[in-house]
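Asks: Below is query-v9.txt; it holds compact mmCIF, C-alpha atoms.
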```
# COMPACT_ATOMS: atom_id res chain seq x y z
CA MET A 163 0.00 0.00 0.00
CA ARG A 164 2.19 2.74 -1.32
CA ARG A 165 1.74 6.46 -1.74
CA ARG A 166 -0.87 6.51 -4.44
CA LYS A 167 -4.01 4.41 -4.18
CA ALA A 168 -6.71 3.85 -6.73
CA ALA A 169 -9.45 1.28 -6.92
CA ILE A 170 -11.26 -0.53 -9.67
CA SER A 171 -14.95 -0.94 -9.01
CA MET A 172 -15.49 -3.28 -11.91
CA LEU A 173 -14.31 -0.88 -14.64
CA ILE A 174 -14.19 2.47 -12.86
CA ARG A 175 -10.93 3.76 -11.36
CA HIS A 176 -11.12 5.94 -8.25
CA GLU A 177 -8.21 8.16 -7.22
CA ILE A 178 -7.31 8.18 -3.52
CA PRO A 179 -5.22 10.90 -1.80
CA TYR A 180 -1.68 10.42 -0.46
CA GLY A 181 -0.57 9.69 3.09
CA ALA A 182 -2.27 8.09 6.09
CA ARG A 183 -5.73 9.10 4.84
CA ALA A 184 -5.12 6.95 1.73
CA THR A 185 -4.76 3.88 3.95
CA GLU A 186 -8.00 4.64 5.77
CA ILE A 187 -9.87 5.11 2.49
CA THR A 188 -8.40 1.86 1.12
CA LEU A 189 -9.53 -0.12 4.18
CA ASP A 190 -13.00 1.46 3.98
CA MET A 191 -13.23 0.44 0.32
CA MET A 192 -12.14 -3.11 1.15
CA VAL A 193 -14.86 -3.34 3.81
CA ALA A 194 -17.50 -1.99 1.42
CA LEU A 195 -16.48 -4.44 -1.33
CA THR A 196 -16.55 -7.37 1.11
CA ARG A 197 -20.05 -6.45 2.25
CA GLU A 198 -21.17 -5.98 -1.36
CA CYS A 199 -19.74 -9.21 -2.75
CA ALA A 200 -20.01 -11.81 0.05
CA PRO A 201 -23.80 -12.25 -0.38
CA LEU A 202 -23.55 -12.63 -4.18
CA GLU A 203 -24.56 -16.02 -5.52
CA VAL A 204 -21.24 -16.51 -7.30
CA PHE A 205 -19.34 -16.28 -4.00
CA ARG A 206 -21.87 -18.45 -2.16
CA GLU A 207 -21.44 -21.10 -4.87
CA LEU A 208 -17.65 -20.88 -4.67
CA SER A 209 -17.75 -21.16 -0.86
CA ILE A 210 -19.93 -24.28 -1.18
CA SER A 211 -17.55 -25.71 -3.76
CA LEU A 212 -14.58 -25.08 -1.46
CA SER A 213 -16.51 -26.63 1.44
CA ASN A 214 -17.19 -29.74 -0.63
CA SER A 215 -13.48 -30.10 -1.43
CA PHE A 216 -12.74 -31.61 1.99
CA TYR A 217 -14.32 -34.12 4.33
CA GLY A 218 -16.11 -32.95 7.44
CA HIS A 219 -17.03 -29.38 6.54
CA ARG A 220 -15.22 -27.94 9.58
CA ASP A 221 -14.42 -24.23 9.78
CA ASP A 222 -10.67 -24.74 10.09
CA GLN A 223 -10.70 -26.91 6.96
CA TYR A 224 -12.63 -24.22 5.10
CA VAL A 225 -10.06 -21.60 6.12
CA ARG A 226 -7.30 -23.87 4.82
CA ALA A 227 -9.23 -24.43 1.56
CA VAL A 228 -9.62 -20.66 1.07
CA ARG A 229 -5.92 -20.08 1.77
CA ASN A 230 -4.94 -22.79 -0.72
CA TYR A 231 -7.40 -21.60 -3.38
CA VAL A 232 -6.27 -17.98 -3.18
CA GLY A 233 -2.60 -18.94 -3.01
CA MET A 234 -2.85 -21.20 -6.05
CA SER A 235 -5.19 -18.97 -8.08
CA ILE A 236 -3.76 -15.46 -7.69
CA CYS A 237 -0.16 -14.60 -8.53
CA TYR A 238 1.24 -12.16 -5.96
CA VAL A 239 2.85 -9.10 -7.55
CA ARG A 240 3.98 -5.74 -6.24
CA GLU A 241 1.96 -3.14 -8.09
CA PRO A 242 3.71 -0.03 -9.43
CA ASP A 243 0.41 1.90 -9.32
CA GLU A 244 -1.71 0.78 -6.43
CA ILE A 245 -5.21 -0.47 -7.27
CA ILE A 246 -7.82 -2.55 -5.52
CA VAL A 247 -9.30 -5.24 -7.74
CA HIS A 248 -13.03 -5.78 -7.27
CA PRO A 249 -13.65 -9.37 -6.05
CA VAL A 250 -16.00 -10.13 -8.97
CA ARG A 251 -13.30 -8.95 -11.38
CA MET A 252 -10.68 -11.03 -9.54
CA LEU A 253 -12.88 -14.13 -9.79
CA ALA A 254 -13.26 -13.56 -13.54
CA ASP A 255 -9.46 -13.19 -13.82
CA ILE A 256 -8.98 -16.42 -11.82
CA ARG A 257 -11.30 -18.31 -14.14
CA ALA A 258 -9.46 -16.86 -17.14
CA GLY A 259 -6.11 -17.93 -15.64
CA ARG A 260 -4.66 -14.41 -15.36
CA ALA A 261 -5.30 -13.27 -11.77
CA VAL A 262 -2.62 -11.08 -10.19
CA GLY A 263 -2.67 -8.84 -7.15
CA ASP A 264 -0.84 -7.50 -4.15
CA CYS A 265 -1.52 -7.81 -0.41
CA ASP A 266 -4.80 -5.87 -0.46
CA ASP A 267 -6.17 -7.84 -3.42
CA LEU A 268 -5.37 -11.24 -1.91
CA SER A 269 -6.72 -10.20 1.49
CA LEU A 270 -9.90 -8.75 -0.02
CA PHE A 271 -10.64 -11.86 -2.08
CA ALA A 272 -9.98 -14.26 0.82
CA GLY A 273 -12.01 -12.04 3.16
CA THR A 274 -14.93 -12.10 0.73
CA LEU A 275 -14.83 -15.91 0.58
CA LEU A 276 -14.75 -16.18 4.37
CA ALA A 277 -17.56 -13.64 4.77
CA ALA A 278 -19.62 -15.60 2.21
CA ARG A 279 -19.52 -18.55 4.63
CA GLY A 280 -20.47 -16.44 7.66
CA PHE A 281 -17.05 -15.59 9.11
CA HIS A 282 -16.53 -12.14 10.58
CA VAL A 283 -13.70 -10.38 8.75
CA GLN A 284 -11.54 -7.34 9.33
CA TYR A 285 -8.58 -5.82 7.52
CA ARG A 286 -5.47 -4.53 9.29
CA ALA A 287 -2.90 -2.13 7.81
CA VAL A 288 0.60 -2.25 9.30
CA PHE A 289 4.12 -0.90 8.80
CA ARG A 290 3.66 2.88 8.67
CA HIS A 291 6.02 4.61 6.25
CA PRO A 292 8.19 6.92 8.39
CA GLN A 293 8.08 9.93 6.02
CA ALA A 294 4.84 9.59 4.05
CA GLY A 295 2.61 8.36 6.88
CA HIS A 296 0.80 5.71 4.84
CA PHE A 297 0.86 2.03 5.74
CA GLN A 298 2.78 -0.37 3.54
CA HIS A 299 1.01 -3.70 4.11
CA VAL A 300 -2.47 -5.05 4.77
CA PHE A 301 -3.69 -8.47 5.84
CA MET A 302 -6.97 -10.02 6.89
CA GLU A 303 -8.18 -11.27 10.26
CA PHE A 304 -11.26 -13.42 10.91
CA LYS A 305 -13.46 -14.94 13.60
CA ARG A 306 -15.37 -18.18 13.15
CA PRO A 307 -19.16 -18.08 12.81
CA GLY A 308 -20.85 -18.41 16.20
CA PHE A 309 -17.68 -17.36 18.05
CA TYR A 310 -17.80 -13.67 17.21
CA GLU A 311 -18.42 -12.41 20.74
CA ILE A 312 -15.97 -14.70 22.55
CA GLY A 313 -13.39 -15.47 19.89
CA THR A 314 -10.19 -13.66 19.09
CA TRP A 315 -9.24 -12.35 15.70
CA VAL A 316 -7.13 -14.88 13.80
CA PRO A 317 -4.67 -13.33 11.32
CA MET A 318 -4.33 -14.59 7.74
CA ASP A 319 -1.55 -13.08 5.65
CA LEU A 320 -1.51 -14.60 2.19
CA THR A 321 1.72 -12.95 1.05
CA ILE A 322 4.17 -14.42 3.56
CA PHE A 323 4.88 -17.65 5.35
CA GLY A 324 4.20 -17.19 9.04
CA PHE A 325 3.06 -13.92 10.51
CA PRO A 326 4.69 -10.48 10.42
CA ARG A 327 5.73 -8.86 13.69
CA PHE A 328 4.15 -5.45 14.08
CA ASN A 329 3.13 -3.01 16.76
CA PRO A 330 -0.68 -3.31 17.18
CA ALA A 331 -0.81 0.27 18.47
CA ASP A 332 0.66 1.43 15.15
CA SER A 333 -1.89 -0.19 12.87
CA ILE A 334 -5.33 0.63 11.48
CA THR A 335 -8.19 -1.87 11.49
CA ARG A 336 -11.57 -1.87 9.75
CA GLU A 337 -14.21 -4.55 10.32
CA ALA A 338 -16.36 -5.77 7.44
```
Could you rewrite the structure in this file as structure tokens?
Replies:
Amino acid sequence: MRRRKAAISMLIRHEIPYGARATEITLDMMVALTRECAPLEVFRELSISLSNSFYGHRDDQYVRAVRNYVGMSICYVREPDEIIVHPVRMLADIRAGRAVGDCDDLSLFAGTLLAARGFHVQYRAVFRHPQAGHFQHVFMEFKRPGFYEIGTWVPMDLTIFGFPRFNPADSITREA
């Protein structure tokens, strides 16, 4: 999540200002797109298909299936001009065999798939740029259905192995 942010809402590109405010706008857009796309039939069907890909239909198995599907379907790239790819557009690119995206795109798509199954999702921006003030990375966190009130947020970062160390006080979070 570099200095300049823009988003693609299907075919429309939105310019986003520089600095810390750009990160806040990006997270707000990710939340709005998750809420818009999770109830769509195409994502419900994909979530059912992923659920049927393992035995037992347990939540932890579904999370693993989403992680594997996103990891195998979307090629991670660092974008020179920052954009957010609409989840419907990303799904079309996956089916066409040409899906690429950076940390916000992978997190948004995985978050949409988890929300389609009833998980509670939030996005967290971390690693504030010392001069510009914007955040340089975003990942997704989730809570299992039925455990929202008592559960803790479980991080899912699809761009790295393991989990990045960061200062929670120096991060921004938005819940979908």
Asks: Can you tell me which residues surround Leu202 of chain A at a distance of at most 12 Å, considering only C-alpha atoms, apart from same-chain residues fewer than 2 positions away, and format the answer as an NGL selection string?
Replies: :A and (195-200 or 204-209 or 249-250 or 274-275 or 277-279)
Asks: Just the selected residues (C-alpha atoms), exported as a JSON list (two decimals), in the frame of the given file, please.
Replies:
```
[["chain", "number", "residue", "atom", "x", "y", "z"],
["A", 195, "LEU", "CA", -16.48, -4.44, -1.33],
["A", 196, "THR", "CA", -16.55, -7.37, 1.11],
["A", 197, "ARG", "CA", -20.05, -6.45, 2.25],
["A", 198, "GLU", "CA", -21.17, -5.98, -1.36],
["A", 199, "CYS", "CA", -19.74, -9.21, -2.75],
["A", 200, "ALA", "CA", -20.01, -11.81, 0.05],
["A", 204, "VAL", "CA", -21.24, -16.51, -7.30],
["A", 205, "PHE", "CA", -19.34, -16.28, -4.00],
["A", 206, "ARG", "CA", -21.87, -18.45, -2.16],
["A", 207, "GLU", "CA", -21.44, -21.10, -4.87],
["A", 208, "LEU", "CA", -17.65, -20.88, -4.67],
["A", 209, "SER", "CA", -17.75, -21.16, -0.86],
["A", 249, "PRO", "CA", -13.65, -9.37, -6.05],
["A", 250, "VAL", "CA", -16.00, -10.13, -8.97],
["A", 274, "THR", "CA", -14.93, -12.10, 0.73],
["A", 275, "LEU", "CA", -14.83, -15.91, 0.58],
["A", 277, "ALA", "CA", -17.56, -13.64, 4.77],
["A", 278, "ALA", "CA", -19.62, -15.60, 2.21],
["A", 279, "ARG", "CA", -19.52, -18.55, 4.63]]
```
Asks: Separation of atom CA of Val262 of chain A and atom CA of Arg220 of chain A, in Å?
Replies: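 We find that atom CA of Val262 of chain A and atom CA of Arg220 of chain A lie 28.9 Å from each other.
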Asks: Measuring atom to atom with only C-alpha atoms, identify which of A:Ser269, A:Thr188, A:Thr335, A:Asn329 is nearest to Ile245 of chain A.
Replies: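 Answer, going by the shortest atom-to-atom distance: A:Thr188.
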Asks: Please provide as a ChimeraX atom specification all residues within 6 Å of segment 316-318 of chain A, with the sequence filter that same-chain residues fewer than 2 positions apart are discarded (counting only C-alpha atoms).
Replies: /A:302-304
Asks: Would you work out the distance separating atom CA of Val288 of chain A from atom CA of Ser333 of chain A, expressed in Å to one decimal?
Replies: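 So the two atoms, atom CA of Val288 of chain A and atom CA of Ser333 of chain A, lie 4.8 Å apart.
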Asks: Here is a test: counting only C-alpha atoms, which residue of A:Thr321, A:Asp222, A:Gly280, A:Gly313 is nearest to Ala338 of chain A?
Replies: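 With only C-alpha atoms as the atom set, the closest residue is A:Gly280.
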Asks: Report as a short mmCIF file (atom, residue, chain, number, x, y, z; two decimals) with C-alpha atoms, keeping the file's coordinate frame all protein, DNA and RNA residues lying within 10 Å of Leu253 of chain A, evaluated on all atoms listed in the file, omitting residues in the same chain fewer than 6 positions from it.
Replies:
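And here is the file that came out, result02.cif:
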```cif
data_model
loop_
_atom_site.label_atom_id
_atom_site.label_comp_id
_atom_site.auth_asym_id
_atom_site.auth_seq_id
_atom_site.Cartn_x
_atom_site.Cartn_y
_atom_site.Cartn_z
CA VAL A 204 -21.24 -16.51 -7.30
CA PHE A 205 -19.34 -16.28 -4.00
CA LEU A 208 -17.65 -20.88 -4.67
CA SER A 235 -5.19 -18.97 -8.08
CA ILE A 236 -3.76 -15.46 -7.69
CA VAL A 247 -9.30 -5.24 -7.74
CA GLY A 259 -6.11 -17.93 -15.64
CA ARG A 260 -4.66 -14.41 -15.36
CA ALA A 261 -5.30 -13.27 -11.77
CA PHE A 271 -10.64 -11.86 -2.08
#
```
Asks: Would you mind reading off the distance between atom CA of Val300 of chain A and atom CA of Val225 of chain A, one decimal, in Å?
Replies: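 Separation between atom CA of Val300 of chain A and atom CA of Val225 of chain A: 18.3 Å.
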Asks: Measuring between all atoms listed in the file, which one of A:Ala272, A:Val193, A:Asp332, A:Ile322 shows the shortest distance to Pro292 of chain A?
Replies: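 For Pro292 of chain A, the nearest of the candidates is A:Asp332.
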Asks: Nearest residue to Glu241 of chain A out of A:Arg226, A:Ser213, A:Asp267, A:Asp221, using all atoms listed in the file?
Replies: A:Asp267
Asks: Find the residues with any atom within 10 Å of (4.8, 9.7, 5.6); use only C-alpha atoms and the coordinates as given in the file, and write the answer as a list in words.
Replies: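 Here the neighbourhood of the point contains Arg165, Tyr180, Gly181, Ala182, Arg290, His291, Pro292, Gln293, Ala294, Gly295, His296 and Phe297 of chain A.
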Asks: Check the smallest atom-to-atom distance from each of A:Asn230, A:Phe216, A:Lys305, A:Leu320 to Asp264 of chain A using only C-alpha atoms, then report the winner.
Replies: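 With only C-alpha atoms as the atom set, the closest residue is A:Leu320.
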Asks: Pick out the closest residue to Arg286 of chain A from this set: A:Thr185, A:Thr314, A:Gln223, A:Ser211. Count only C-alpha atoms.
Replies: A:Thr185
Asks: Starting from the structure just given, write a file holding segment 203-316 of chain A with C-alpha atoms, as a JSON list (two decimals), in the first residue's frame.
Replies:
```json
[["chain", "number", "residue", "atom", "x", "y", "z"],
["A", 203, "GLU", "CA", -24.56, -16.02, -5.52],
["A", 204, "VAL", "CA", -21.24, -16.51, -7.30],
["A", 205, "PHE", "CA", -19.34, -16.28, -4.00],
["A", 206, "ARG", "CA", -21.87, -18.45, -2.16],
["A", 207, "GLU", "CA", -21.44, -21.10, -4.87],
["A", 208, "LEU", "CA", -17.65, -20.88, -4.67],
["A", 209, "SER", "CA", -17.75, -21.16, -0.86],
["A", 210, "ILE", "CA", -19.93, -24.28, -1.18],
["A", 211, "SER", "CA", -17.55, -25.71, -3.76],
["A", 212, "LEU", "CA", -14.58, -25.08, -1.46],
["A", 213, "SER", "CA", -16.51, -26.63, 1.44],
["A", 214, "ASN", "CA", -17.19, -29.74, -0.63],
["A", 215, "SER", "CA", -13.48, -30.10, -1.43],
["A", 216, "PHE", "CA", -12.74, -31.61, 1.99],
["A", 217, "TYR", "CA", -14.32, -34.12, 4.33],
["A", 218, "GLY", "CA", -16.11, -32.95, 7.44],
["A", 219, "HIS", "CA", -17.03, -29.38, 6.54],
["A", 220, "ARG", "CA", -15.22, -27.94, 9.58],
["A", 221, "ASP", "CA", -14.42, -24.23, 9.78],
["A", 222, "ASP", "CA", -10.67, -24.74, 10.09],
["A", 223, "GLN", "CA", -10.70, -26.91, 6.96],
["A", 224, "TYR", "CA", -12.63, -24.22, 5.10],
["A", 225, "VAL", "CA", -10.06, -21.60, 6.12],
["A", 226, "ARG", "CA", -7.30, -23.87, 4.82],
["A", 227, "ALA", "CA", -9.23, -24.43, 1.56],
["A", 228, "VAL", "CA", -9.62, -20.66, 1.07],
["A", 229, "ARG", "CA", -5.92, -20.08, 1.77],
["A", 230, "ASN", "CA", -4.94, -22.79, -0.72],
["A", 231, "TYR", "CA", -7.40, -21.60, -3.38],
["A", 232, "VAL", "CA", -6.27, -17.98, -3.18],
["A", 233, "GLY", "CA", -2.60, -18.94, -3.01],
["A", 234, "MET", "CA", -2.85, -21.20, -6.05],
["A", 235, "SER", "CA", -5.19, -18.97, -8.08],
["A", 236, "ILE", "CA", -3.76, -15.46, -7.69],
["A", 237, "CYS", "CA", -0.16, -14.60, -8.53],
["A", 238, "TYR", "CA", 1.24, -12.16, -5.96],
["A", 239, "VAL", "CA", 2.85, -9.10, -7.55],
["A", 240, "ARG", "CA", 3.98, -5.74, -6.24],
["A", 241, "GLU", "CA", 1.96, -3.14, -8.09],
["A", 242, "PRO", "CA", 3.71, -0.03, -9.43],
["A", 243, "ASP", "CA", 0.41, 1.90, -9.32],
["A", 244, "GLU", "CA", -1.71, 0.78, -6.43],
["A", 245, "ILE", "CA", -5.21, -0.47, -7.27],
["A", 246, "ILE", "CA", -7.82, -2.55, -5.52],
["A", 247, "VAL", "CA", -9.30, -5.24, -7.74],
["A", 248, "HIS", "CA", -13.03, -5.78, -7.27],
["A", 249, "PRO", "CA", -13.65, -9.37, -6.05],
["A", 250, "VAL", "CA", -16.00, -10.13, -8.97],
["A", 251, "ARG", "CA", -13.30, -8.95, -11.38],
["A", 252, "MET", "CA", -10.68, -11.03, -9.54],
["A", 253, "LEU", "CA", -12.88, -14.13, -9.79],
["A", 254, "ALA", "CA", -13.26, -13.56, -13.54],
["A", 255, "ASP", "CA", -9.46, -13.19, -13.82],
["A", 256, "ILE", "CA", -8.98, -16.42, -11.82],
["A", 257, "ARG", "CA", -11.30, -18.31, -14.14],
["A", 258, "ALA", "CA", -9.46, -16.86, -17.14],
["A", 259, "GLY", "CA", -6.11, -17.93, -15.64],
["A", 260, "ARG", "CA", -4.66, -14.41, -15.36],
["A", 261, "ALA", "CA", -5.30, -13.27, -11.77],
["A", 262, "VAL", "CA", -2.62, -11.08, -10.19],
["A", 263, "GLY", "CA", -2.67, -8.84, -7.15],
["A", 264, "ASP", "CA", -0.84, -7.50, -4.15],
["A", 265, "CYS", "CA", -1.52, -7.81, -0.41],
["A", 266, "ASP", "CA", -4.80, -5.87, -0.46],
["A", 267, "ASP", "CA", -6.17, -7.84, -3.42],
["A", 268, "LEU", "CA", -5.37, -11.24, -1.91],
["A", 269, "SER", "CA", -6.72, -10.20, 1.49],
["A", 270, "LEU", "CA", -9.90, -8.75, -0.02],
["A", 271, "PHE", "CA", -10.64, -11.86, -2.08],
["A", 272, "ALA", "CA", -9.98, -14.26, 0.82],
["A", 273, "GLY", "CA", -12.01, -12.04, 3.16],
["A", 274, "THR", "CA", -14.93, -12.10, 0.73],
["A", 275, "LEU", "CA", -14.83, -15.91, 0.58],
["A", 276, "LEU", "CA", -14.75, -16.18, 4.37],
["A", 277, "ALA", "CA", -17.56, -13.64, 4.77],
["A", 278, "ALA", "CA", -19.62, -15.60, 2.21],
["A", 279, "ARG", "CA", -19.52, -18.55, 4.63],
["A", 280, "GLY", "CA", -20.47, -16.44, 7.66],
["A", 281, "PHE", "CA", -17.05, -15.59, 9.11],
["A", 282, "HIS", "CA", -16.53, -12.14, 10.58],
["A", 283, "VAL", "CA", -13.70, -10.38, 8.75],
["A", 284, "GLN", "CA", -11.54, -7.34, 9.33],
["A", 285, "TYR", "CA", -8.58, -5.82, 7.52],
["A", 286, "ARG", "CA", -5.47, -4.53, 9.29],
["A", 287, "ALA", "CA", -2.90, -2.13, 7.81],
["A", 288, "VAL", "CA", 0.60, -2.25, 9.30],
["A", 289, "PHE", "CA", 4.12, -0.90, 8.80],
["A", 290, "ARG", "CA", 3.66, 2.88, 8.67],
["A", 291, "HIS", "CA", 6.02, 4.61, 6.25],
["A", 292, "PRO", "CA", 8.19, 6.92, 8.39],
["A", 293, "GLN", "CA", 8.08, 9.93, 6.02],
["A", 294, "ALA", "CA", 4.84, 9.59, 4.05],
["A", 295, "GLY", "CA", 2.61, 8.36, 6.88],
["A", 296, "HIS", "CA", 0.80, 5.71, 4.84],
["A", 297, "PHE", "CA", 0.86, 2.03, 5.74],
["A", 298, "GLN", "CA", 2.78, -0.37, 3.54],
["A", 299, "HIS", "CA", 1.01, -3.70, 4.11],
["A", 300, "VAL", "CA", -2.47, -5.05, 4.77],
["A", 301, "PHE", "CA", -3.69, -8.47, 5.84],
["A", 302, "MET", "CA", -6.97, -10.02, 6.89],
["A", 303, "GLU", "CA", -8.18, -11.27, 10.26],
["A", 304, "PHE", "CA", -11.26, -13.42, 10.91],
["A", 305, "LYS", "CA", -13.46, -14.94, 13.60],
["A", 306, "ARG", "CA", -15.37, -18.18, 13.15],
["A", 307, "PRO", "CA", -19.16, -18.08, 12.81],
["A", 308, "GLY", "CA", -20.85, -18.41, 16.20],
["A", 309, "PHE", "CA", -17.68, -17.36, 18.05],
["A", 310, "TYR", "CA", -17.80, -13.67, 17.21],
["A", 311, "GLU", "CA", -18.42, -12.41, 20.74],
["A", 312, "ILE", "CA", -15.97, -14.70, 22.55],
["A", 313, "GLY", "CA", -13.39, -15.47, 19.89],
["A", 314, "THR", "CA", -10.19, -13.66, 19.09],
["A", 315, "TRP", "CA", -9.24, -12.35, 15.70],
["A", 316, "VAL", "CA", -7.13, -14.88, 13.80]]
```
